[in-house]
>>> print(open('data_5.txt').read())   # compact mmCIF, C-alpha atoms and all ligand atoms
# COMPACT_ATOMS: atom_id res chain seq x y z
CA MET A 1 -38.11 -10.76 -62.65
CA SER A 2 -40.48 -8.94 -60.29
CA GLN A 3 -43.70 -10.45 -58.98
CA ASN A 4 -46.47 -9.93 -61.52
CA ASP A 5 -48.96 -7.25 -60.60
CA ALA A 6 -51.82 -9.57 -59.59
CA THR A 7 -49.64 -11.68 -57.28
CA ARG A 8 -48.06 -8.57 -55.82
CA GLU A 9 -51.45 -6.93 -55.16
CA HIS A 10 -52.73 -10.13 -53.52
CA LEU A 11 -49.67 -10.27 -51.29
CA ILE A 12 -49.96 -6.62 -50.28
CA GLU A 13 -53.67 -7.05 -49.49
CA THR A 14 -52.93 -10.16 -47.42
CA TYR A 15 -50.24 -8.41 -45.36
CA ARG A 16 -52.37 -5.29 -44.98
CA ARG A 17 -54.95 -7.51 -43.27
CA LYS A 18 -52.31 -9.21 -41.11
CA ALA A 19 -50.18 -6.21 -40.19
CA LYS A 20 -51.74 -5.19 -36.88
CA ARG A 21 -51.75 -8.72 -35.46
CA TYR A 22 -48.59 -9.94 -37.21
CA ASP A 23 -46.32 -9.81 -34.16
CA VAL A 24 -48.63 -12.25 -32.37
CA THR A 25 -49.69 -14.54 -35.25
CA SER A 26 -46.13 -14.90 -36.55
CA ARG A 27 -45.21 -16.68 -33.33
CA LEU A 28 -47.09 -19.69 -34.75
CA TYR A 29 -44.54 -20.11 -37.62
CA PRO A 30 -43.84 -22.90 -38.47
CA VAL A 31 -45.48 -24.59 -35.47
CA PRO A 32 -46.64 -23.23 -32.10
CA GLY A 33 -43.71 -23.38 -29.66
CA TYR A 34 -41.05 -22.83 -32.36
CA PRO A 35 -38.23 -20.76 -30.77
CA GLN A 36 -38.71 -17.67 -32.97
CA LEU A 37 -36.52 -15.31 -31.00
CA SER A 38 -33.55 -17.63 -30.62
CA GLN A 39 -33.64 -18.46 -34.35
CA ARG A 40 -33.73 -14.75 -35.20
CA ARG A 41 -30.80 -14.26 -32.81
CA ARG A 42 -28.91 -17.05 -34.56
CA ALA A 43 -29.54 -15.46 -37.96
CA VAL A 44 -28.28 -12.08 -36.73
CA ARG A 45 -25.18 -13.76 -35.25
CA ALA A 46 -24.47 -15.28 -38.68
CA LEU A 47 -24.09 -11.73 -40.03
CA GLY A 48 -20.96 -11.16 -37.92
CA LEU A 49 -22.00 -7.53 -37.31
CA ARG A 50 -19.83 -5.05 -35.44
CA PRO A 51 -20.67 -1.66 -33.97
CA GLY A 52 -20.96 0.95 -36.72
CA ASP A 53 -21.88 -1.54 -39.48
CA SER A 54 -24.67 -1.03 -42.01
CA VAL A 55 -27.26 -3.75 -42.56
CA VAL A 56 -30.27 -4.16 -44.85
CA ASP A 57 -33.27 -6.18 -43.60
CA VAL A 58 -35.01 -7.39 -46.77
CA ALA A 59 -38.81 -7.71 -46.42
CA CYS A 60 -38.49 -6.49 -42.84
CA GLY A 61 -42.23 -6.55 -42.14
CA THR A 62 -43.05 -4.98 -38.78
CA GLY A 63 -39.35 -4.85 -37.82
CA LEU A 64 -39.15 -7.87 -35.53
CA ASN A 65 -35.39 -8.09 -36.20
CA PHE A 66 -34.63 -4.45 -35.49
CA ALA A 67 -33.92 -4.75 -31.75
CA LEU A 68 -31.40 -7.55 -32.39
CA LEU A 69 -29.78 -5.62 -35.23
CA GLU A 70 -29.62 -2.48 -33.06
CA GLU A 71 -27.91 -4.48 -30.35
CA ALA A 72 -25.29 -5.60 -32.88
CA VAL A 73 -24.56 -2.37 -34.79
CA GLY A 74 -25.16 0.14 -32.00
CA PRO A 75 -26.12 3.79 -32.42
CA ALA A 76 -23.25 4.41 -34.86
CA GLY A 77 -24.53 1.71 -37.20
CA ARG A 78 -27.26 1.92 -39.81
CA ILE A 79 -30.28 -0.31 -40.43
CA VAL A 80 -32.38 -0.13 -43.60
CA GLY A 81 -35.67 -2.02 -43.63
CA VAL A 82 -37.22 -2.74 -47.03
CA ASP A 83 -40.74 -4.06 -47.53
CA LEU A 84 -43.50 -4.10 -50.14
CA THR A 85 -46.44 -3.59 -47.79
CA ASP A 86 -47.27 -0.12 -46.47
CA ALA A 87 -49.21 -1.45 -43.47
CA MET A 88 -46.31 -3.66 -42.33
CA LEU A 89 -43.97 -0.67 -42.65
CA ALA A 90 -46.40 1.46 -40.62
CA GLN A 91 -46.04 -1.05 -37.76
CA ALA A 92 -42.25 -0.96 -38.23
CA GLN A 93 -42.32 2.84 -38.05
CA ASP A 94 -44.29 2.66 -34.76
CA ARG A 95 -41.64 0.30 -33.39
CA ILE A 96 -38.85 2.69 -34.43
CA GLU A 97 -40.57 5.67 -32.77
CA THR A 98 -41.45 3.73 -29.61
CA ASN A 99 -37.81 2.71 -29.21
CA GLY A 100 -36.38 6.09 -30.24
CA TRP A 101 -34.06 4.53 -32.85
CA SER A 102 -32.64 7.31 -35.02
CA ASN A 103 -30.48 5.08 -37.22
CA VAL A 104 -33.23 2.95 -38.81
CA SER A 105 -34.77 3.96 -42.14
CA LEU A 106 -37.56 2.29 -44.06
CA VAL A 107 -38.03 1.92 -47.81
CA GLN A 108 -41.24 0.74 -49.44
CA ALA A 109 -40.12 -1.34 -52.41
CA ASP A 110 -40.32 -4.71 -54.07
CA ALA A 111 -37.12 -6.51 -53.04
CA THR A 112 -36.55 -7.49 -56.67
CA GLU A 113 -36.44 -3.81 -57.64
CA PHE A 114 -34.62 -2.44 -54.60
CA ASP A 115 -31.28 -0.74 -55.26
CA PHE A 116 -29.04 -2.06 -52.48
CA PRO A 117 -26.72 0.64 -51.13
CA THR A 118 -23.17 -0.37 -52.01
CA GLY A 119 -20.50 -1.18 -49.45
CA ILE A 120 -22.90 -2.49 -46.79
CA GLU A 121 -21.62 -5.03 -44.28
CA ALA A 122 -24.65 -7.33 -44.13
CA ILE A 123 -28.03 -8.33 -45.54
CA LEU A 124 -30.65 -10.30 -43.64
CA SER A 125 -34.01 -11.69 -44.68
CA THR A 126 -36.26 -13.65 -42.33
CA TYR A 127 -39.44 -15.56 -43.18
CA ALA A 128 -39.91 -13.67 -46.43
CA LEU A 129 -37.60 -14.54 -49.33
CA THR A 130 -39.35 -17.83 -50.11
CA GLN A 131 -42.41 -15.69 -50.94
CA VAL A 132 -40.51 -13.70 -53.53
CA PRO A 133 -40.47 -15.39 -56.96
CA GLY A 134 -37.39 -13.35 -57.89
CA CYS A 135 -35.47 -14.44 -54.77
CA ALA A 136 -32.45 -15.62 -56.78
CA GLU A 137 -32.04 -12.17 -58.29
CA VAL A 138 -32.44 -10.50 -54.88
CA ILE A 139 -29.65 -12.66 -53.43
CA ALA A 140 -27.32 -12.06 -56.38
CA ARG A 141 -27.88 -8.29 -56.43
CA GLY A 142 -27.49 -8.12 -52.65
CA ALA A 143 -24.24 -10.09 -52.80
CA ALA A 144 -22.90 -7.68 -55.43
CA ALA A 145 -23.59 -4.72 -53.10
CA LEU A 146 -21.81 -6.18 -50.06
CA ALA A 147 -18.47 -4.80 -48.90
CA GLU A 148 -15.57 -7.27 -48.96
CA GLY A 149 -16.18 -9.82 -46.20
CA GLY A 150 -19.85 -8.78 -45.91
CA HIS A 151 -22.45 -11.38 -44.94
CA TRP A 152 -25.84 -12.51 -46.30
CA ALA A 153 -28.17 -14.59 -44.08
CA VAL A 154 -31.60 -16.02 -44.85
CA LEU A 155 -33.86 -17.58 -42.22
CA ASP A 156 -37.04 -19.02 -43.67
CA LEU A 157 -39.49 -21.89 -43.81
CA LYS A 158 -39.34 -25.03 -45.95
CA LEU A 159 -40.98 -28.40 -46.31
CA PRO A 160 -38.98 -31.20 -44.67
CA ALA A 161 -37.26 -33.58 -47.12
CA GLY A 162 -39.05 -36.86 -47.64
CA THR A 163 -42.33 -35.56 -46.24
CA PRO A 164 -45.11 -37.89 -47.35
CA ARG A 165 -47.40 -36.11 -49.82
CA TRP A 166 -50.41 -36.31 -47.46
CA LEU A 167 -48.40 -34.75 -44.62
CA ALA A 168 -47.06 -31.94 -46.84
CA GLN A 169 -50.63 -31.20 -47.95
CA LEU A 170 -51.80 -31.15 -44.35
CA GLY A 171 -48.90 -28.83 -43.44
CA MET A 172 -49.77 -26.47 -46.27
CA ALA A 173 -53.42 -26.48 -45.18
CA ILE A 174 -52.32 -25.40 -41.71
CA VAL A 175 -49.93 -22.75 -43.04
CA ARG A 176 -52.30 -21.48 -45.77
CA PRO A 177 -54.27 -19.03 -43.61
CA PHE A 178 -50.96 -17.39 -42.67
CA ALA A 179 -49.07 -17.88 -45.95
CA SER A 180 -49.56 -15.62 -48.93
CA ILE A 181 -48.65 -17.78 -51.90
CA ASP A 182 -50.41 -21.07 -52.45
CA GLU A 183 -47.96 -22.47 -54.96
CA TRP A 184 -45.08 -22.16 -52.45
CA GLY A 185 -45.01 -25.88 -51.73
CA GLN A 186 -44.73 -26.79 -55.40
CA ARG A 187 -42.20 -24.08 -56.22
CA ARG A 188 -39.80 -25.20 -53.46
CA PRO A 189 -38.06 -21.79 -53.29
CA TRP A 190 -35.71 -22.88 -50.47
CA GLU A 191 -33.90 -25.04 -53.06
CA THR A 192 -33.44 -21.99 -55.31
CA ILE A 193 -32.16 -19.95 -52.36
CA ARG A 194 -29.73 -22.68 -51.36
CA GLY A 195 -28.41 -23.00 -54.92
CA VAL A 196 -27.88 -19.31 -55.56
CA MET A 197 -26.30 -18.62 -52.15
CA GLN A 198 -23.93 -21.51 -52.66
CA GLU A 199 -22.96 -20.04 -56.02
CA GLU A 200 -22.64 -16.40 -54.94
CA LEU A 201 -21.10 -16.71 -51.47
CA ALA A 202 -17.97 -18.10 -49.84
CA ASP A 203 -18.08 -20.17 -46.60
CA PHE A 204 -21.70 -21.01 -47.35
CA SER A 205 -23.52 -22.78 -44.53
CA TRP A 206 -26.95 -24.40 -44.45
CA SER A 207 -28.70 -25.57 -41.29
CA GLU A 208 -32.08 -27.24 -41.08
CA LEU A 209 -34.12 -26.21 -38.05
CA CYS A 210 -37.17 -27.55 -36.30
CA PHE A 211 -37.24 -30.99 -38.00
CA GLY A 212 -36.55 -29.49 -41.42
CA THR A 213 -39.48 -27.06 -41.37
CA ALA A 214 -37.14 -24.05 -41.36
CA PHE A 215 -33.58 -23.27 -42.47
CA LEU A 216 -30.78 -20.81 -41.89
CA ALA A 217 -28.52 -20.18 -44.88
CA ALA A 218 -25.53 -17.85 -44.63
CA GLY A 219 -22.31 -16.90 -46.36
CA SER A 220 -20.00 -14.01 -47.13
CA VAL A 221 -18.36 -12.38 -50.14
C1 LIG B 301 -43.95 -13.32 -43.15
S1 LIG B 301 -43.55 -11.60 -43.27
C2 LIG B 301 -41.91 -11.55 -42.56
C3 LIG B 301 -41.59 -10.20 -42.00
C4 LIG B 301 -40.26 -10.12 -41.23
N1 LIG B 301 -39.12 -10.33 -42.10
C5 LIG B 301 -40.22 -11.08 -40.07
O1 LIG B 301 -39.26 -11.87 -39.96
O2 LIG B 301 -41.12 -11.04 -39.24
C6 LIG B 301 -43.21 -11.44 -45.00
C7 LIG B 301 -42.95 -10.00 -45.44
O3 LIG B 301 -42.42 -10.02 -46.75
C8 LIG B 301 -42.90 -8.89 -47.45
N2 LIG B 301 -42.71 -9.15 -48.87
C9 LIG B 301 -43.23 -10.16 -49.61
N3 LIG B 301 -42.81 -10.09 -50.88
C10 LIG B 301 -41.99 -9.01 -50.94
C11 LIG B 301 -41.23 -8.43 -51.98
N4 LIG B 301 -41.26 -8.92 -53.21
N5 LIG B 301 -40.50 -7.35 -51.70
C12 LIG B 301 -40.47 -6.82 -50.45
N6 LIG B 301 -41.18 -7.33 -49.43
C13 LIG B 301 -41.93 -8.42 -49.67
C14 LIG B 301 -44.35 -8.77 -46.97
O4 LIG B 301 -44.87 -7.48 -47.20
C15 LIG B 301 -44.21 -9.11 -45.49
O5 LIG B 301 -44.00 -7.96 -44.72
>>> encode(input="data_5.txt", output="structure tokens")
Amino acid sequence: MSQNDATREHLIETYRRKAKRYDVTSRLYPVPGYPQLSQRRRAVRALGLRPGDSVVDVACGTGLNFALLEEAVGPAGRIVGVDLTDAMLAQAQDRIETNGWSNVSLVQADATEFDFPTGIEAILSTYALTQVPGCAEVIARGAAALAEGGHWAVLDLKLPAGTPRWLAQLGMAIVRPFASIDEWGQRRPWETIRGVMQEELADFSWSELCFGTAFLAAGSV
């Protein structure tokens, strides 16, 4: 199932508005002071990448993971960034050119319709999959494309378990100006992601971060 056209257009418009300032505003996820970079580093480590590997960054946005992925796969490796929003990809392209990376390519596509290249060693998605209503399908299709022993890792936001209703509503009110999908809190997509990764992947691991406001899920095939 791909996002319906109205939702998809709304999301693209929202990220077109955010794109130029995204690298700064995203530092506020999920709360100011959250250790963004070290959590991204941890997610990349969970991919077990080696020099020369190929990795897909699903919903890569402005490419905030690219430097870490480059460090892991080196110049002989390959990085493919996929995203729905042209303006986010334009920022990613600037980053690629500024850094002179010749092994990073970008694809504008809905993750639910993206044809994963087969035989890749890893797939990463950070702060994005919970916005994709078809996230279960994305995980399953990605897992099917991985080479034997390949890794999938998802770093994203969630609501902490047992959050009182008033606190969850307050949290959503704070996140809403930055989030793109209002029904996120009711849909609880992190539970879907956890379920499908557990089903599709071996040595599945799940860690709650920052008092349960974020999670890192990982596994291999
Ligand atoms: C919060 S940003 C995260 C960007 C990046 N992964 C990061 O960690 O900074 C969410 C991104 O997901 C993208 N996105 C949302 N739904 C998508 C979909 N169905 N397919 C591909 N990209 C999508 C948006 O365009 C946006 O760039």
>>> closest_residue(input="data_5.txt", among="A:Gly33, A:Pro133, A:Gly61, A:Gly219", to="Arg187 (chain A)", atoms="only C-alpha atoms")
A:Pro133
>>> residues_near_ligand(input="data_5.txt", ligand="ligand LIG 301 (chain B)", cutoff="9 Å", atoms="all atoms listed in the file", output="PyMOL selection string")
chain A and resi 2-3+8+11-12+14-16+19+22-23+26+29+40+57-65+82-89+108-114+124-135+155-156+178-180
>>> residues_near_point(input="data_5.txt", point="(-25.6, 2.6, -49.2)", cutoff="12 Å", atoms="only C-alpha atoms", output="ChimeraX atom specification")
/A:53-56,78-80,105,114-123,142,145-147
>>> closest_residue(input="data_5.txt", among="A:Glu97, A:Gly162, A:His151, A:Leu216", to="Ala202 (chain A)", atoms="only C-alpha atoms")
A:His151
>>> residues_around(input="data_5.txt", residues="Trp206 (chain A)", least_positions_apart="4", cutoff="8 Å", atoms="all atoms listed in the file", output="PyMOL selection string")
chain A and resi 194+215-218
>>> atom_distance(input="data_5.txt", atom1="CA of Lys158 (chain A)", atom2="CA of Glu199 (chain A)")
19.9 Å
>>> atom_distance(input="data_5.txt", atom1="CA of Leu201 (chain A)", atom2="CA of Gly48 (chain A)")
14.6 Å
